[in-house]
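I have placed the structure first, in the form of structure tokens, so that the comments after it can refer back to it.
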Amino acid sequence: MEEYGSGKKSCPMDPYKFLGITRSADGQLTRKTVLPVVPAGGNDNQRCISKDVLLNKTHGTWFRMYRPRDAAIGAKIPVIIYFHGGGFVRFSAASAPFDASNRQIARAVPAIVLSVDYRLAPEHPLPAAYEDAVEVVKWVRDNHADDEWLRDLADVSRCFIHGSSAGGNIAYHAALECCSHSDDLRQVNIAGVILDQPYFGGVERTDSELRLTDDKIVPLFVADRTWELALPPGADRDHEYCNPLKAGAEGRVRRLPRCLVRGHSGDPLLERQQELVKKLQKCGVHVVTHFRDGFHAIEAFKPHYARLLVIDVKNFVLGNHSNL
């Protein structure tokens, strides 16, 4: 375990206990159900319905697809591909906060939303989650004429890649890959990337990390452990998966479409998100930013911020670019 904070302070708590994870002597992980899990579907009183779709039987990956109940056939609405948070090591597309948020976004935009249940670390270290992300984009490419919801409703020329926290990291790397090989995706066009409080790191501590070392959502000792679990063996936090500022890749970054980056002043990850914005802008990417007061994942705790997330996503997808 690496040093905690800027000194040699010992960790105040077992990071596994904080994460709701137990690890046996042979290294096997057991994840407690910290967040409620909800089934797919929807009753007559709900304005959004969902279904679960198998992505890769070998990998055990799947995604939950949402559509507005009252969307008119032939209306052709955008597609949003979403990746949930959890430090790469926990939670699911069926976890209640992500399910609720995606239902709200599908109704409000309106859009078809695909929420991906990607492989988790450390059983599947990065880039496994990135590979799953690209695979679901290819699934849209290969099935948009066959899946009933996509065929009747989706405009696959307006696809958006969206992720929160660790999912924002996945969204960023998936977008880099998809936009670098856009010829392979044919009719699927990545029209925008939504990075909601994206989870990045680095060997050198930032001021916001040191100032918020004991943050209640992303304390530094937990971030250290999740990166240790998620990164390939032998990699440090300046690896390109963790620290996009240390990776060259300017040619790939320049291919990105417009990006929305959201963050909060009380988030230890704030300065890393702000530095990413500078890199994107330096590479000529059109960036919309929303940095507000609050803490990491505040939308899961305060309904007002959940509504702001939906509004920001809707405005960005529909082409309202102003920074508020």
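Chain labels A, B, ... are given in the sequence in which chains occur in the structure tokens; within each chain residues are numbered consecutively from 1, and ligands are likewise numbered from 1 in the order shown.
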Can you check which residues of stretch 201-244 of chain A DSSP gives as helix (DSSP H, G or I) on the backbone and send them as a list in words?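 Listing helix (DSSP H, G or I) positions across stretch 201-244 of chain A yields Asp207, Ser208, Glu209, Leu210, Arg211, Leu220, Phe221, Val222, Ala223, Asp224, Arg225, Thr226, Trp227, Glu228, Leu229 and Ala230 of chain A.
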May I have the selected residues written with N, CA, C and O atoms, as a PDB file, in the first residue's frame?
```
ATOM      1  N   ASP A 207      -3.319  19.460  -5.490  1.00  0.00           N
ATOM      2  CA  ASP A 207      -3.723  20.232  -4.319  1.00  0.00           C
ATOM      3  C   ASP A 207      -5.103  19.796  -3.812  1.00  0.00           C
ATOM      4  O   ASP A 207      -5.343  19.713  -2.603  1.00  0.00           O
ATOM      5  N   SER A 208      -6.021  19.527  -4.752  1.00  0.00           N
ATOM      6  CA  SER A 208      -7.372  19.129  -4.315  1.00  0.00           C
ATOM      7  C   SER A 208      -7.353  17.757  -3.652  1.00  0.00           C
ATOM      8  O   SER A 208      -8.117  17.509  -2.705  1.00  0.00           O
ATOM      9  N   GLU A 209      -6.481  16.852  -4.089  1.00  0.00           N
ATOM     10  CA  GLU A 209      -6.362  15.554  -3.426  1.00  0.00           C
ATOM     11  C   GLU A 209      -5.819  15.715  -2.008  1.00  0.00           C
ATOM     12  O   GLU A 209      -6.306  15.084  -1.060  1.00  0.00           O
ATOM     13  N   LEU A 210      -4.809  16.565  -1.853  1.00  0.00           N
ATOM     14  CA  LEU A 210      -4.223  16.774  -0.529  1.00  0.00           C
ATOM     15  C   LEU A 210      -5.174  17.533   0.386  1.00  0.00           C
ATOM     16  O   LEU A 210      -5.263  17.247   1.585  1.00  0.00           O
ATOM     17  N   ARG A 211      -5.907  18.483  -0.175  1.00  0.00           N
ATOM     18  CA  ARG A 211      -6.848  19.266   0.625  1.00  0.00           C
ATOM     19  C   ARG A 211      -8.009  18.402   1.100  1.00  0.00           C
ATOM     20  O   ARG A 211      -8.559  18.615   2.188  1.00  0.00           O
ATOM     21  N   LEU A 220      -8.341   9.487  -0.151  1.00  0.00           N
ATOM     22  CA  LEU A 220      -7.150   9.167  -0.934  1.00  0.00           C
ATOM     23  C   LEU A 220      -6.710   7.720  -0.760  1.00  0.00           C
ATOM     24  O   LEU A 220      -6.265   7.071  -1.713  1.00  0.00           O
ATOM     25  N   PHE A 221      -6.846   7.169   0.450  1.00  0.00           N
ATOM     26  CA  PHE A 221      -6.403   5.791   0.655  1.00  0.00           C
ATOM     27  C   PHE A 221      -7.269   4.801  -0.122  1.00  0.00           C
ATOM     28  O   PHE A 221      -6.796   3.736  -0.520  1.00  0.00           O
ATOM     29  N   VAL A 222      -8.528   5.150  -0.356  1.00  0.00           N
ATOM     30  CA  VAL A 222      -9.398   4.285  -1.166  1.00  0.00           C
ATOM     31  C   VAL A 222      -9.058   4.434  -2.648  1.00  0.00           C
ATOM     32  O   VAL A 222      -9.013   3.443  -3.388  1.00  0.00           O
ATOM     33  N   ALA A 223      -8.826   5.670  -3.097  1.00  0.00           N
ATOM     34  CA  ALA A 223      -8.419   5.876  -4.496  1.00  0.00           C
ATOM     35  C   ALA A 223      -7.132   5.111  -4.797  1.00  0.00           C
ATOM     36  O   ALA A 223      -6.996   4.482  -5.859  1.00  0.00           O
ATOM     37  N   ASP A 224      -6.174   5.164  -3.850  1.00  0.00           N
ATOM     38  CA  ASP A 224      -4.930   4.413  -4.044  1.00  0.00           C
ATOM     39  C   ASP A 224      -5.209   2.928  -4.271  1.00  0.00           C
ATOM     40  O   ASP A 224      -4.653   2.292  -5.166  1.00  0.00           O
ATOM     41  N   ARG A 225      -6.101   2.366  -3.466  1.00  0.00           N
ATOM     42  CA  ARG A 225      -6.351   0.927  -3.572  1.00  0.00           C
ATOM     43  C   ARG A 225      -7.130   0.579  -4.839  1.00  0.00           C
ATOM     44  O   ARG A 225      -6.849  -0.439  -5.493  1.00  0.00           O
ATOM     45  N   THR A 226      -8.121   1.398  -5.211  1.00  0.00           N
ATOM     46  CA  THR A 226      -8.881   1.062  -6.416  1.00  0.00           C
ATOM     47  C   THR A 226      -7.995   1.126  -7.654  1.00  0.00           C
ATOM     48  O   THR A 226      -8.124   0.287  -8.547  1.00  0.00           O
ATOM     49  N   TRP A 227      -7.082   2.107  -7.703  1.00  0.00           N
ATOM     50  CA  TRP A 227      -6.166   2.141  -8.842  1.00  0.00           C
ATOM     51  C   TRP A 227      -5.225   0.937  -8.820  1.00  0.00           C
ATOM     52  O   TRP A 227      -4.896   0.363  -9.869  1.00  0.00           O
ATOM     53  N   GLU A 228      -4.785   0.543  -7.636  1.00  0.00           N
ATOM     54  CA  GLU A 228      -3.936  -0.633  -7.515  1.00  0.00           C
ATOM     55  C   GLU A 228      -4.654  -1.877  -8.047  1.00  0.00           C
ATOM     56  O   GLU A 228      -4.049  -2.740  -8.702  1.00  0.00           O
ATOM     57  N   LEU A 229      -5.951  -1.975  -7.777  1.00  0.00           N
ATOM     58  CA  LEU A 229      -6.736  -3.122  -8.231  1.00  0.00           C
ATOM     59  C   LEU A 229      -7.068  -3.058  -9.709  1.00  0.00           C
ATOM     60  O   LEU A 229      -7.180  -4.087 -10.387  1.00  0.00           O
ATOM     61  N   ALA A 230      -7.238  -1.836 -10.239  1.00  0.00           N
ATOM     62  CA  ALA A 230      -7.749  -1.687 -11.604  1.00  0.00           C
ATOM     63  C   ALA A 230      -6.667  -1.700 -12.666  1.00  0.00           C
ATOM     64  O   ALA A 230      -6.892  -2.183 -13.791  1.00  0.00           O
TER      65      ALA A 230
END
```
Quick one: residues within 12 Å of A:Ile298, only C-alpha atoms counted, chain neighbours fewer than 3 positions away excluded, as a PyMOL selection string? chain A and resi 97+164-165+196-197+216-218+262-267+292-295+301-309
Among stretch 15-125 of chain A, which residues does DSSP mark as strand (DSSP E or B) when it is run on the backbone? Keep the chain and numbering as in the structure and answer as a PyMOL selection string. chain A and resi 21-23+29-31+37+48-56+61-68+77-83+95+112-117
Between atom CA of A:Pro39 and atom CA of A:Arg67, distance in Å (one decimal):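 Separating atom CA of A:Pro39 from atom CA of A:Arg67 is a distance of 15.1 Å.
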So that I can check the surroundings of A:Ile21, please list as a ChimeraX atom specification every protein, DNA and RNA residue that reaches within 8 Å of it, counting only C-alpha atoms and ignoring chain neighbours fewer than 3 positions away. /A:16-18,29-32
Could you write out the selected residues, including N, CA and C atoms, as a short mmCIF file (atom, residue, chain, number, x, y, z; two decimals), in the first residue's frame?
```cif
data_model
loop_
_atom_site.label_atom_id
_atom_site.label_comp_id
_atom_site.auth_asym_id
_atom_site.auth_seq_id
_atom_site.Cartn_x
_atom_site.Cartn_y
_atom_site.Cartn_z
N TYR A 16 -10.86 -2.02 1.82
CA TYR A 16 -11.84 -3.02 1.41
C TYR A 16 -13.14 -2.87 2.20
N LYS A 17 -13.00 -2.60 3.50
CA LYS A 17 -14.19 -2.39 4.32
C LYS A 17 -14.95 -1.16 3.85
N PHE A 18 -14.23 -0.10 3.52
CA PHE A 18 -14.86 1.12 3.01
C PHE A 18 -15.65 0.83 1.74
N LEU A 29 -12.52 -12.06 -4.19
CA LEU A 29 -13.29 -10.95 -3.66
C LEU A 29 -14.76 -11.30 -3.53
N THR A 30 -15.37 -10.82 -2.46
CA THR A 30 -16.82 -10.88 -2.29
C THR A 30 -17.33 -9.46 -2.10
N ARG A 31 -18.24 -9.05 -2.96
CA ARG A 31 -18.77 -7.68 -2.90
C ARG A 31 -20.12 -7.68 -2.22
N LYS A 32 -20.25 -6.86 -1.17
CA LYS A 32 -21.53 -6.70 -0.52
C LYS A 32 -22.44 -5.86 -1.41
#
```
Using only C-alpha atoms, find each residue of stretch 130-206 of chain A with at least one atom at most 12 Å away from an atom of stretch 310-318 of chain A; report its shortest atom-to-atom pair and that distance in Å (one decimal), sort the rows by chain and rising residue number, and return the result as a Markdown table.
```
| residue | atom | partner | partner_atom | distance |
| --- | --- | --- | --- | --- |
| A:Arg158 | CA | A:Val317 | CA | 8.5 |
| A:Cys159 | CA | A:Val317 | CA | 9.1 |
| A:Phe160 | CA | A:Val317 | CA | 7.5 |
| A:Ile161 | CA | A:Val317 | CA | 10.4 |
| A:His162 | CA | A:Val313 | CA | 9.0 |
| A:Gly163 | CA | A:Val313 | CA | 11.0 |
| A:Ser164 | CA | A:Val313 | CA | 11.8 |
| A:Ile190 | CA | A:Val317 | CA | 11.3 |
| A:Ala191 | CA | A:Val317 | CA | 8.4 |
| A:Gly192 | CA | A:Val317 | CA | 7.5 |
| A:Val193 | CA | A:Val317 | CA | 9.3 |
| A:Ile194 | CA | A:Val313 | CA | 7.5 |
| A:Leu195 | CA | A:Val313 | CA | 10.1 |
| A:Asp196 | CA | A:Val313 | CA | 9.5 |
```
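For the pair atom CA of A:Val34 and atom CA of A:Phe91, the interatomic distance is 8.1 Å.
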Which is closest to A:Asp147 among A:Asp117, A:Pro127, A:Lys51, A:Lys57, if we use only C-alpha atoms?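 Looking only at the distances to A:Asp147, the closest residue turns out to be A:Lys51.
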Which distance in Å separates atom CA of A:His290 and atom CA of A:Val261, to one decimal?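 Going from atom CA of A:His290 over to atom CA of A:Val261, I get 6.5 Å.
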For A:Ala71, which of A:Leu55, A:Ala106, A:Leu120, A:Leu176 is the closest residue, counting only C-alpha atoms?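 The shortest atom-to-atom distance to A:Ala71 comes from A:Ala106.
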Close residues, A:Leu185 itself excluded, 8 Å, only C-alpha atoms, min 5 positions apart in chain, as a ChimeraX atom specification: /A:137-138,141,178
Store the residues of this selection in a file with all heavy atoms, as a compact mmCIF listing (two decimals), in the first residue's frame.
```txt
# COMPACT_ATOMS: atom_id res chain seq x y z
N VAL A 137 -20.53 -0.47 -28.46
CA VAL A 137 -20.68 0.42 -29.62
C VAL A 137 -20.79 -0.41 -30.90
O VAL A 137 -21.62 -0.14 -31.77
CB VAL A 137 -19.52 1.41 -29.70
CG1 VAL A 137 -19.66 2.30 -30.95
CG2 VAL A 137 -19.46 2.30 -28.46
N LYS A 138 -19.98 -1.44 -30.99
CA LYS A 138 -20.05 -2.33 -32.17
C LYS A 138 -21.37 -3.10 -32.19
O LYS A 138 -21.90 -3.39 -33.27
CB LYS A 138 -18.86 -3.29 -32.16
CG LYS A 138 -17.53 -2.59 -32.41
CD LYS A 138 -16.37 -3.58 -32.41
CE LYS A 138 -15.06 -2.87 -32.73
NZ LYS A 138 -13.89 -3.80 -32.71
N ARG A 141 -23.77 -0.90 -33.81
CA ARG A 141 -23.49 -0.94 -35.25
C ARG A 141 -24.11 -2.17 -35.91
O ARG A 141 -24.74 -2.07 -36.96
CB ARG A 141 -21.98 -0.93 -35.48
CG ARG A 141 -21.56 -1.09 -36.94
CD ARG A 141 -20.10 -1.50 -37.05
NE ARG A 141 -19.87 -2.85 -36.52
CZ ARG A 141 -18.67 -3.40 -36.36
NH1 ARG A 141 -17.59 -2.71 -36.65
NH2 ARG A 141 -18.56 -4.63 -35.89
N CYS A 178 -12.94 4.52 -30.31
CA CYS A 178 -13.97 4.54 -31.35
C CYS A 178 -13.70 5.61 -32.40
O CYS A 178 -13.89 5.37 -33.60
CB CYS A 178 -15.34 4.75 -30.72
SG CYS A 178 -15.93 3.36 -29.74
```
Which residue gives the smallest distance to A:Pro198 among A:Tyr118, A:Phe63, A:Phe83, A:Tyr130, with only C-alpha atoms counted?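 Nearest candidate to A:Pro198 out of A:Tyr118, A:Phe63, A:Phe83, A:Tyr130: A:Phe83.
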Name the residues in contact with stretch 245-259 of chain A at a cut-off of 9 Å, using only C-alpha atoms, excluding same-chain residues fewer than 5 positions from it; report them as a PyMOL selection string. chain A and resi 175-177+179-180+190-195+202+238-240+272+275-276+279-280+283-289+316
